[in-house]
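Below is entry.tsv, which holds TSV, C-alpha atoms.
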chain	number	residue	atom	x	y	z
A	1	MET	CA	0.00	0.00	0.00
A	2	ALA	CA	1.25	3.48	-0.83
A	3	PRO	CA	2.16	5.77	2.07
A	4	ARG	CA	-0.77	7.83	3.34
A	5	ASP	CA	0.83	11.12	2.42
A	6	GLN	CA	1.53	10.19	-1.17
A	7	THR	CA	-0.54	10.27	-4.34
A	8	ARG	CA	-0.63	6.74	-5.68
A	9	LYS	CA	0.83	6.27	-9.13
A	10	PRO	CA	-1.92	4.82	-11.32
A	11	GLU	CA	-1.29	1.62	-13.20
A	12	LYS	CA	-2.08	3.58	-16.34
A	13	ALA	CA	-0.93	7.16	-16.75
A	14	VAL	CA	-3.64	9.82	-16.66
A	15	SER	CA	-4.19	11.29	-20.13
A	16	GLY	CA	-3.19	14.83	-20.97
A	17	ASP	CA	-5.05	17.56	-19.11
A	18	SER	CA	-6.62	18.86	-22.33
A	19	SER	CA	-7.97	15.41	-23.19
A	20	ILE	CA	-9.70	15.05	-19.83
A	21	ALA	CA	-11.18	18.54	-20.07
A	22	ALA	CA	-12.40	17.95	-23.64
A	23	ARG	CA	-14.14	14.70	-22.74
A	24	LEU	CA	-15.66	16.20	-19.64
A	25	LEU	CA	-17.03	19.18	-21.58
A	26	ALA	CA	-18.48	16.90	-24.25
A	27	TRP	CA	-20.20	14.90	-21.50
A	28	TYR	CA	-21.47	18.12	-19.90
A	29	ASP	CA	-22.93	19.32	-23.19
A	30	ALA	CA	-25.06	16.17	-23.33
A	31	HIS	CA	-25.78	15.49	-19.65
A	32	HIS	CA	-25.70	18.79	-17.71
A	33	ARG	CA	-28.23	19.38	-14.95
A	34	ASP	CA	-30.96	21.95	-15.62
A	35	LEU	CA	-30.69	24.35	-12.65
A	36	PRO	CA	-32.61	27.62	-12.20
A	37	TRP	CA	-29.43	29.69	-11.87
A	38	ARG	CA	-27.54	28.07	-14.74
A	39	VAL	CA	-27.05	29.12	-18.36
A	40	THR	CA	-26.92	25.81	-20.22
A	41	PRO	CA	-24.39	25.16	-23.01
A	42	GLY	CA	-27.17	25.43	-25.60
A	43	ALA	CA	-28.39	28.76	-24.26
A	44	PHE	CA	-24.82	30.03	-24.07
A	45	SER	CA	-24.24	29.13	-27.73
A	46	ARG	CA	-27.36	31.16	-28.58
A	47	GLY	CA	-25.94	34.24	-26.89
A	48	ALA	CA	-27.22	33.97	-23.30
A	49	ARG	CA	-24.70	34.91	-20.61
A	50	PRO	CA	-24.69	34.14	-16.87
A	51	ASP	CA	-25.93	36.88	-14.54
A	52	PRO	CA	-23.23	37.42	-11.88
A	53	TYR	CA	-25.95	38.24	-9.34
A	54	ARG	CA	-27.69	34.90	-9.85
A	55	VAL	CA	-24.39	33.00	-9.86
A	56	TRP	CA	-23.32	34.69	-6.60
A	57	LEU	CA	-26.70	34.13	-4.93
A	58	SER	CA	-26.77	30.44	-5.88
A	59	GLU	CA	-23.20	29.82	-4.74
A	60	VAL	CA	-23.82	31.44	-1.35
A	61	MET	CA	-27.01	29.41	-0.89
A	62	LEU	CA	-25.30	26.17	-1.95
A	63	GLN	CA	-22.63	26.40	0.75
A	64	GLN	CA	-23.41	23.52	3.16
A	65	THR	CA	-26.83	23.01	1.51
A	66	THR	CA	-28.11	20.58	-1.12
A	67	VAL	CA	-29.12	21.61	-4.62
A	68	GLU	CA	-32.68	20.35	-4.11
A	69	ALA	CA	-33.10	22.39	-0.92
A	70	VAL	CA	-31.75	25.54	-2.58
A	71	LYS	CA	-33.96	25.57	-5.70
A	72	ALA	CA	-37.12	26.87	-4.00
A	73	TYR	CA	-35.20	29.44	-1.95
A	74	PHE	CA	-33.38	30.68	-5.04
A	75	ARG	CA	-36.63	31.11	-6.98
A	76	SER	CA	-38.22	32.93	-4.05
A	77	PHE	CA	-35.26	35.30	-3.63
A	78	THR	CA	-35.00	36.14	-7.31
A	79	GLU	CA	-38.76	36.75	-7.56
A	80	LYS	CA	-38.65	39.12	-4.58
A	81	TRP	CA	-35.30	40.72	-5.45
A	82	PRO	CA	-34.36	40.21	-9.14
A	83	THR	CA	-31.23	42.39	-8.91
A	84	VAL	CA	-28.52	43.05	-6.38
A	85	GLU	CA	-29.77	46.64	-6.03
A	86	GLU	CA	-33.25	45.41	-5.07
A	87	LEU	CA	-31.75	43.00	-2.54
A	88	ALA	CA	-29.74	45.87	-1.07
A	89	ALA	CA	-32.91	47.97	-0.74
A	90	ALA	CA	-34.75	45.21	1.16
A	91	PRO	CA	-34.97	45.43	4.97
A	92	ALA	CA	-32.49	43.06	6.64
A	93	GLU	CA	-35.34	41.46	8.59
A	94	ASP	CA	-37.11	40.52	5.33
A	95	VAL	CA	-33.92	38.91	4.01
A	96	MET	CA	-33.52	36.88	7.22
A	97	LYS	CA	-37.16	35.77	7.03
A	98	ALA	CA	-36.70	34.65	3.42
A	99	TRP	CA	-33.55	32.76	4.43
A	100	ALA	CA	-35.15	30.97	7.41
A	101	GLY	CA	-34.68	27.21	7.11
A	102	LEU	CA	-31.55	27.33	4.94
A	103	GLY	CA	-29.26	27.31	7.98
A	104	TYR	CA	-25.79	28.82	8.47
A	105	TYR	CA	-27.37	32.21	8.99
A	106	SER	CA	-24.13	34.17	8.85
A	107	ARG	CA	-24.41	33.59	5.09
A	108	ALA	CA	-27.61	35.64	4.99
A	109	ARG	CA	-26.05	38.49	6.98
A	110	ASN	CA	-23.03	38.50	4.66
A	111	LEU	CA	-25.33	38.30	1.64
A	112	LYS	CA	-27.09	41.49	2.71
A	113	ALA	CA	-23.80	43.24	3.57
A	114	CYS	CA	-22.36	42.29	0.18
A	115	ALA	CA	-25.47	43.50	-1.67
A	116	ASP	CA	-25.36	46.80	0.24
A	117	LEU	CA	-21.71	47.35	-0.70
A	118	LEU	CA	-22.21	46.43	-4.36
A	119	ALA	CA	-25.25	48.73	-4.63
A	120	ARG	CA	-23.19	51.62	-3.30
A	121	GLN	CA	-20.57	50.83	-5.94
A	122	GLY	CA	-23.00	50.80	-8.85
A	123	GLY	CA	-24.24	47.21	-8.68
A	124	ARG	CA	-21.40	45.68	-10.70
A	125	PHE	CA	-19.54	42.60	-9.50
A	126	PRO	CA	-15.73	42.48	-9.80
A	127	ASP	CA	-14.77	40.05	-12.57
A	128	THR	CA	-11.63	38.61	-10.96
A	129	GLU	CA	-11.04	36.26	-8.06
A	130	ALA	CA	-8.98	38.88	-6.23
A	131	GLY	CA	-11.69	41.51	-6.57
A	132	LEU	CA	-14.47	39.15	-5.56
A	133	LYS	CA	-12.59	38.06	-2.42
A	134	GLU	CA	-12.72	41.66	-1.21
A	135	LEU	CA	-16.51	41.41	-0.84
A	136	PRO	CA	-18.21	40.38	2.44
A	137	GLY	CA	-18.80	36.64	2.78
A	138	ILE	CA	-16.93	35.68	-0.40
A	139	GLY	CA	-14.04	33.32	0.24
A	140	ALA	CA	-11.65	31.54	-2.07
A	141	TYR	CA	-14.14	28.93	-3.31
A	142	THR	CA	-17.02	31.33	-3.97
A	143	ALA	CA	-14.70	33.84	-5.67
A	144	ALA	CA	-13.35	31.13	-7.98
A	145	ALA	CA	-16.86	29.87	-8.78
A	146	ILE	CA	-18.19	33.33	-9.65
A	147	ALA	CA	-15.08	34.22	-11.66
A	148	ALA	CA	-15.31	30.99	-13.67
A	149	ILE	CA	-19.06	30.65	-14.14
A	150	ALA	CA	-20.10	34.30	-14.44
A	151	PHE	CA	-17.02	35.71	-16.16
A	152	ASP	CA	-15.43	32.63	-17.80
A	153	ARG	CA	-12.14	33.16	-15.98
A	154	PRO	CA	-9.84	30.08	-15.83
A	155	ALA	CA	-10.25	29.61	-12.07
A	156	ALA	CA	-9.87	26.36	-10.12
A	157	VAL	CA	-13.30	25.73	-8.56
A	158	VAL	CA	-13.07	23.05	-5.86
A	159	ASP	CA	-16.17	22.02	-3.90
A	160	GLY	CA	-16.89	18.68	-2.23
A	161	ASN	CA	-17.93	17.07	-5.50
A	162	VAL	CA	-14.72	18.16	-7.20
A	163	GLU	CA	-12.62	16.94	-4.27
A	164	ARG	CA	-14.16	13.51	-4.63
A	165	VAL	CA	-13.62	13.38	-8.41
A	166	ILE	CA	-9.98	14.42	-8.16
A	167	SER	CA	-9.26	12.16	-5.17
A	168	ARG	CA	-10.45	9.19	-7.22
A	169	LEU	CA	-8.96	10.23	-10.54
A	170	TYR	CA	-5.51	10.39	-8.97
A	171	SER	CA	-6.01	7.96	-6.04
A	172	ILE	CA	-4.93	10.54	-3.48
A	173	GLU	CA	-3.95	8.72	-0.30
A	174	THR	CA	-3.53	11.87	1.78
A	175	PRO	CA	-6.53	12.34	4.11
A	176	LEU	CA	-8.92	14.88	2.62
A	177	SER	CA	-8.48	17.34	5.47
A	178	GLU	CA	-4.79	17.64	4.52
A	179	ALA	CA	-5.06	17.09	0.76
A	180	LYS	CA	-6.91	20.26	-0.24
A	181	PRO	CA	-3.83	22.17	-1.56
A	182	GLU	CA	-2.81	19.09	-3.55
A	183	ILE	CA	-6.30	18.74	-5.01
A	184	ARG	CA	-6.47	22.41	-5.94
A	185	ALA	CA	-3.11	22.21	-7.73
A	186	LEU	CA	-4.35	19.23	-9.76
A	187	VAL	CA	-7.56	21.06	-10.70
A	188	GLU	CA	-5.54	24.10	-11.81
A	189	LYS	CA	-3.69	21.87	-14.28
A	190	LEU	CA	-6.98	20.56	-15.70
A	191	VAL	CA	-8.81	23.89	-16.16
A	192	PRO	CA	-8.99	24.70	-19.90
A	193	GLN	CA	-8.52	28.22	-21.24
A	194	THR	CA	-11.72	27.89	-23.26
A	195	ARG	CA	-15.04	27.33	-21.44
A	196	PRO	CA	-13.58	27.27	-17.92
A	197	GLY	CA	-17.01	28.11	-16.49
A	198	ASP	CA	-18.62	25.10	-18.15
A	199	PHE	CA	-15.66	22.98	-17.06
A	200	ALA	CA	-16.23	23.99	-13.42
A	201	GLN	CA	-19.91	23.11	-13.66
A	202	ALA	CA	-19.10	19.86	-15.46
A	203	MET	CA	-16.82	18.78	-12.61
A	204	MET	CA	-19.55	19.57	-10.09
A	205	ASP	CA	-22.18	17.70	-12.11
A	206	LEU	CA	-19.89	14.70	-12.53
A	207	GLY	CA	-19.43	14.45	-8.76
A	208	ALA	CA	-23.12	14.99	-8.06
A	209	THR	CA	-24.53	12.53	-10.60
A	210	ILE	CA	-21.83	9.98	-11.54
A	211	CYS	CA	-18.89	10.06	-9.11
A	212	THR	CA	-21.18	9.87	-6.08
A	213	PRO	CA	-20.00	9.04	-2.54
A	214	ARG	CA	-21.64	5.60	-2.62
A	215	ARG	CA	-22.07	3.29	-5.60
A	216	PRO	CA	-20.50	5.60	-8.21
A	217	ARG	CA	-21.74	4.94	-11.75
A	218	CYS	CA	-18.24	4.42	-13.10
A	219	MET	CA	-19.33	2.81	-16.37
A	220	LEU	CA	-20.99	6.10	-17.37
A	221	CYS	CA	-18.03	8.30	-16.41
A	222	PRO	CA	-16.44	10.17	-19.34
A	223	VAL	CA	-12.95	9.94	-17.77
A	224	ARG	CA	-13.18	6.37	-16.43
A	225	GLU	CA	-10.28	5.20	-18.59
A	226	ASP	CA	-7.98	7.58	-16.72
A	227	CYS	CA	-9.32	7.02	-13.21
A	228	SER	CA	-6.67	5.28	-11.14
A	229	ALA	CA	-9.21	4.46	-8.39
A	230	ILE	CA	-11.20	2.43	-10.94
A	231	LEU	CA	-8.02	0.74	-12.12
A	232	ALA	CA	-7.23	-0.11	-8.50
A	233	GLY	CA	-10.74	-1.55	-8.12
A	234	ASP	CA	-11.94	0.49	-5.12
A	235	PRO	CA	-13.17	3.99	-6.00
A	236	GLU	CA	-15.36	4.25	-2.88
A	237	ARG	CA	-12.24	4.25	-0.71
A	238	PHE	CA	-11.56	7.79	-1.90
A	239	PRO	CA	-11.43	10.44	-0.67
A	240	VAL	CA	-9.57	9.13	2.37
A	241	ARG	CA	-10.98	10.54	5.59
A	242	LEU	CA	-9.80	10.58	9.16
A	243	PRO	CA	-12.23	9.21	11.77
A	244	LYS	CA	-14.76	11.80	12.89
A	245	ASP	CA	-14.83	13.01	16.46
A	246	ASP	CA	-18.18	12.61	18.22
A	247	LYS	CA	-20.07	15.88	18.48
A	248	PRO	CA	-20.73	17.10	22.03
A	249	LEU	CA	-24.36	17.03	23.16
A	250	ARG	CA	-25.76	20.22	24.68
A	251	GLN	CA	-29.06	20.49	26.54
A	252	GLY	CA	-31.50	23.24	27.38
A	253	ALA	CA	-35.17	24.16	27.49
A	254	ALA	CA	-37.50	26.20	25.27
A	255	PHE	CA	-40.76	27.87	26.26
A	256	VAL	CA	-43.67	28.31	23.85
A	257	ALA	CA	-46.08	30.89	25.27
A	258	GLU	CA	-49.38	30.98	23.36
A	259	ARG	CA	-51.86	33.82	23.72
A	260	GLY	CA	-55.63	33.28	23.52
A	261	ASP	CA	-55.72	34.40	19.88
A	262	GLY	CA	-53.01	31.90	18.93
A	263	ALA	CA	-50.14	34.41	18.91
A	264	ILE	CA	-46.76	33.10	20.07
A	265	LEU	CA	-44.20	35.01	22.12
A	266	LEU	CA	-40.92	35.47	20.23
A	267	ARG	CA	-37.68	37.39	20.53
A	268	LYS	CA	-34.77	38.18	18.26
A	269	ARG	CA	-31.35	36.65	18.91
A	270	PRO	CA	-28.27	38.89	19.06
A	271	GLU	CA	-26.82	39.77	15.65
A	272	LYS	CA	-23.50	38.10	16.43
A	273	GLY	CA	-22.99	34.43	17.17
A	274	LEU	CA	-24.95	31.25	16.53
A	275	LEU	CA	-28.25	31.88	14.70
A	276	GLY	CA	-27.41	35.59	14.83
A	277	GLY	CA	-30.31	37.89	13.99
A	278	MET	CA	-32.83	35.05	13.80
A	279	THR	CA	-36.07	34.73	15.77
A	280	GLU	CA	-36.73	32.30	18.62
A	281	VAL	CA	-39.05	31.48	21.49
A	282	PRO	CA	-37.54	32.12	24.94
A	283	THR	CA	-34.94	29.49	25.84
A	284	THR	CA	-32.48	28.82	28.61
A	285	ALA	CA	-28.88	29.92	28.18
A	286	TRP	CA	-27.47	26.99	26.22
A	287	THR	CA	-24.53	27.56	23.91
A	288	ALA	CA	-22.22	25.47	21.74
A	289	ARG	CA	-19.98	25.10	24.79
A	290	ALA	CA	-22.38	24.91	27.73
A	291	ASP	CA	-25.72	23.41	28.74
A	292	GLY	CA	-28.70	25.48	29.81
A	293	ALA	CA	-31.30	24.65	32.44
A	294	THR	CA	-33.74	21.95	31.34
A	295	THR	CA	-36.72	22.30	33.71
A	296	LYS	CA	-39.79	24.54	33.76
A	297	ASP	CA	-38.34	26.25	36.84
A	298	ALA	CA	-36.18	28.19	34.36
A	299	ALA	CA	-39.24	29.64	32.56
A	300	PRO	CA	-38.98	33.35	31.68
A	301	PHE	CA	-42.14	34.17	33.68
A	302	PRO	CA	-44.73	32.32	35.80
A	303	ALA	CA	-47.42	30.41	33.90
A	304	GLU	CA	-48.96	26.95	33.79
A	305	TRP	CA	-46.11	25.42	31.87
A	306	ARG	CA	-46.67	21.88	30.63
A	307	ARG	CA	-44.04	19.66	29.09
A	308	ALA	CA	-44.65	19.24	25.34
A	309	GLY	CA	-41.82	16.86	24.48
A	310	ARG	CA	-38.18	17.00	23.50
A	311	ILE	CA	-36.59	17.92	20.19
A	312	GLY	CA	-33.11	17.30	18.83
A	313	HIS	CA	-31.09	19.30	16.34
A	314	VAL	CA	-27.58	18.91	14.97
A	315	PHE	CA	-25.39	21.94	14.35
A	316	THR	CA	-22.00	21.87	12.66
A	317	HIS	CA	-19.98	21.41	15.84
A	318	PHE	CA	-22.48	20.10	18.38
A	319	ALA	CA	-25.84	18.42	18.85
A	320	LEU	CA	-28.63	19.99	20.88
A	321	GLU	CA	-31.57	18.58	22.84
A	322	LEU	CA	-34.25	20.94	24.10
A	323	GLU	CA	-37.04	20.16	26.55
A	324	VAL	CA	-40.12	21.95	25.24
A	325	PHE	CA	-42.69	23.57	27.53
A	326	HIS	CA	-46.00	25.09	26.47
A	327	ALA	CA	-48.28	27.52	28.30
A	328	HIS	CA	-51.56	29.25	27.43
A	329	ILE	CA	-51.33	32.88	28.48
A	330	LYS	CA	-54.65	34.25	29.78
A	331	GLY	CA	-56.04	36.68	32.28
A	332	ASP	CA	-53.69	39.40	33.44
A	333	VAL	CA	-50.48	37.41	32.93
A	334	LEU	CA	-47.89	39.62	31.23
A	335	SER	CA	-49.97	42.73	31.87
A	336	GLY	CA	-52.92	41.61	29.81
A	337	GLY	CA	-50.88	39.97	27.10
A	338	ASP	CA	-48.33	42.69	26.44
A	339	ALA	CA	-44.93	41.28	25.51
A	340	PRO	CA	-42.05	41.64	27.97
A	341	ASP	CA	-39.11	43.85	27.00
A	342	GLY	CA	-37.19	42.45	24.04
A	343	HIS	CA	-40.07	40.15	23.02
A	344	PHE	CA	-43.06	40.42	20.68
A	345	TRP	CA	-46.22	38.50	19.91
A	346	SER	CA	-46.45	36.96	16.44
A	347	LEU	CA	-49.98	36.19	15.27
A	348	ALA	CA	-50.80	32.62	14.24
A	349	HIS	CA	-50.97	33.49	10.53
A	350	ASP	CA	-47.64	35.33	10.71
A	351	ILE	CA	-45.57	32.56	12.33
A	352	SER	CA	-44.69	30.85	9.04
A	353	GLY	CA	-43.18	34.10	7.76
A	354	GLU	CA	-40.97	34.80	10.78
A	355	ALA	CA	-37.20	34.34	10.61
A	356	LEU	CA	-37.35	31.08	12.54
A	357	PRO	CA	-34.38	28.72	12.22
A	358	THR	CA	-35.21	25.04	11.81
A	359	VAL	CA	-34.51	24.25	15.46
A	360	MET	CA	-37.15	26.78	16.54
A	361	LYS	CA	-39.68	25.44	14.06
A	362	LYS	CA	-39.16	22.03	15.66
A	363	VAL	CA	-39.76	23.55	19.11
A	364	ILE	CA	-43.02	25.24	18.11
A	365	GLU	CA	-44.25	22.16	16.24
A	366	ALA	CA	-43.64	20.04	19.35
A	367	ALA	CA	-45.87	22.37	21.35
A	368	ILE	CA	-48.47	23.26	18.70
A	369	PRO	CA	-48.41	20.86	15.74
A	370	GLY	CA	-48.93	22.59	12.41
A	371	ARG	CA	-48.41	26.12	13.73
A	372	THR	CA	-45.30	26.90	11.63
A	373	LYS	CA	-47.11	25.90	8.43
A	374	LYS	CA	-48.60	28.70	6.34
A	375	GLN	CA	-51.95	29.78	7.79
A	376	HIS	CA	-54.60	32.22	6.67
A	377	PRO	CA	-56.12	34.94	8.86
A	378	HIS	CA	-59.73	34.36	9.84
Rendering of file as structure tokens:
Amino acid sequence: MAPRDQTRKPEKAVSGDSSIAARLLAWYDAHHRDLPWRVTPGAFSRGARPDPYRVWLSEVMLQQTTVEAVKAYFRSFTEKWPTVEELAAAPAEDVMKAWAGLGYYSRARNLKACADLLARQGGRFPDTEAGLKELPGIGAYTAAAIAAIAFDRPAAVVDGNVERVISRLYSIETPLSEAKPEIRALVEKLVPQTRPGDFAQAMMDLGATICTPRRPRCMLCPVREDCSAILAGDPERFPVRLPKDDKPLRQGAAFVAERGDGAILLRKRPEKGLLGGMTEVPTTAWTARADGATTKDAAPFPAEWRRAGRIGHVFTHFALELEVFHAHIKGDVLSGGDAPDGHFWSLAHDISGEALPTVMKKVIEAAIPGRTKKQHPH
């Protein structure tokens, strides 16, 4: 077996970089995915060109999120805000509400900050990786993707799909966490000077539809003859990964206060930190590093709190379990139903439009099934 920090030499040499790119582009022309933010090869040949705004928006949404989950959000955003100037003019709260459920909410805050900056600068995106990286929330990957796809710059675009394709093509034995510079260097050698944007999307599509994590469809792969992992007989072994550490489990409690008219008591989280700027029901002081209280004794105010179950949610670096308590607020509790400082009542038909992260939707559903679904005022 080759050393772990070495790229295995394939039994058959990988073909020239231009040959691999040419075959991949020919495959992409015939088998590309039809995505709402994409200009297909056929449309491009007829004169259509990618809109940098739509490319940027899709790439930000796709970070840590699946294509299928993003499609509906992308359509909703572009219907509400068809241009970067219109997104910049939107209230930040409306952007957070539209983002609710996509997760990784710092992306939404950076999205708004980036739109604001671009609008002040005339609404034009920089057309180079270096210029794009100067914008809020745009790192090396997103800058390369926008430069390649929107401006046809020969940039090395490396997402998880591309990492898997390259790891298998070259049988990279280095664990993925350490192999990223090596993978990027190999991609740079493959990027063609013509159609680099289509090449980037072809690599992504190949990883998403053919070179999948499990049961890759190797017989349909346009570069199978050059794939050293296929020649070695074990493509699923790549990319090599180190064992994952178990995520710590944090605990806390959440309190769903329901007014007689069905309104629910909510508050906004601080702008900085986990779920920054999003909306929540009152909870105990759990964090990524510490547990919060888990009993109804920690309720934010006296009421007839009843246990409504327990929900679980997994964040990037930790798992969370919340005990859920529910109370009907009546009489003169909370001064006749007025919200305490820093809180507000959201009417039943407004709940689905609040900027509720998924974990809070789970909490409310545990207490009042169906309440976070779209409702109509009576």
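When the distance limit is 9 Å and only C-alpha atoms are what count, the residues near region 62-64 of chain A, minus those fewer than 6 positions from it on the same chain, are Val70, Gly103, Tyr104, Arg107 and Thr142 of chain A.
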### Of the listed residues A:Ala130, A:Met204, A:Ala72, A:Leu249, that which approaches Leu24 (chain A) most closely, counting only C-alpha atoms
A:Met204
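Take the candidates A:Arg153, A:Arg184, A:Arg164, A:Arg241 and check each one against Leu206 (chain A) using only C-alpha atoms; the shortest distance goes to A:Arg164.
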### Selection near Trp27 (chain A), 12 Å with all atoms listed in the file, sequence-local residues under 3 positions removed, as a PyMOL selection string
chain A and resi 20-24+30-33+41+198-199+201-203+205-206+209-210+220-223
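Taking CA of His343 (chain A) as the reference point, CA of Leu265 (chain A) is found at 6.7 Å.
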Test item: residues at most 6 Å from Ala257 (chain A), only C-alpha atoms, excluding those fewer than 2 positions along its chain, as a CSV table (one decimal) with C-alpha atoms, keeping the file's coordinate frame:
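Done, and the output landed in around32.csv:
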chain,number,residue,atom,x,y,z
A,264,ILE,CA,-46.8,33.1,20.1
A,265,LEU,CA,-44.2,35.0,22.1
A,326,HIS,CA,-46.0,25.1,26.5
A,327,ALA,CA,-48.3,27.5,28.3
### Task
Would you kindly return, as a ChimeraX atom specification, each protein, DNA or RNA residue with an atom no farther than 9 Å from any atom of Ala339 (chain A), considering all atoms listed in the file and excluding same-chain residues fewer than 5 positions away?
/A:265-266,334,344-345
File dump, residues just selected, C-alpha atoms, as a PDB file, in the coordinates of the input:
ATOM      1  CA  LEU A 265     -44.200  35.010  22.120  1.00  0.00           C
ATOM      2  CA  LEU A 266     -40.920  35.470  20.230  1.00  0.00           C
ATOM      3  CA  LEU A 334     -47.890  39.620  31.230  1.00  0.00           C
ATOM      4  CA  PHE A 344     -43.060  40.420  20.680  1.00  0.00           C
ATOM      5  CA  TRP A 345     -46.220  38.500  19.910  1.00  0.00           C
TER       6      TRP A 345
END
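The protein and nucleic acid residues lying at most 10 Å from Glu134 (chain A) are Cys114, Pro126, Glu129, Gly139 and Ala143 of chain A, with all atoms listed in the file considered and sequence neighbours fewer than 5 positions away removed.
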### Task
Go through A:Ala155, A:Ala119, A:Val191, A:Ala108 one by one, measure the shortest atom-to-atom distance of each to Glu85 (chain A) using only C-alpha atoms, and give the residue with the smallest value.
A:Ala119
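For the pair CA of Ala100 (chain A) and CA of Leu356 (chain A), the separation is 5.6 Å.
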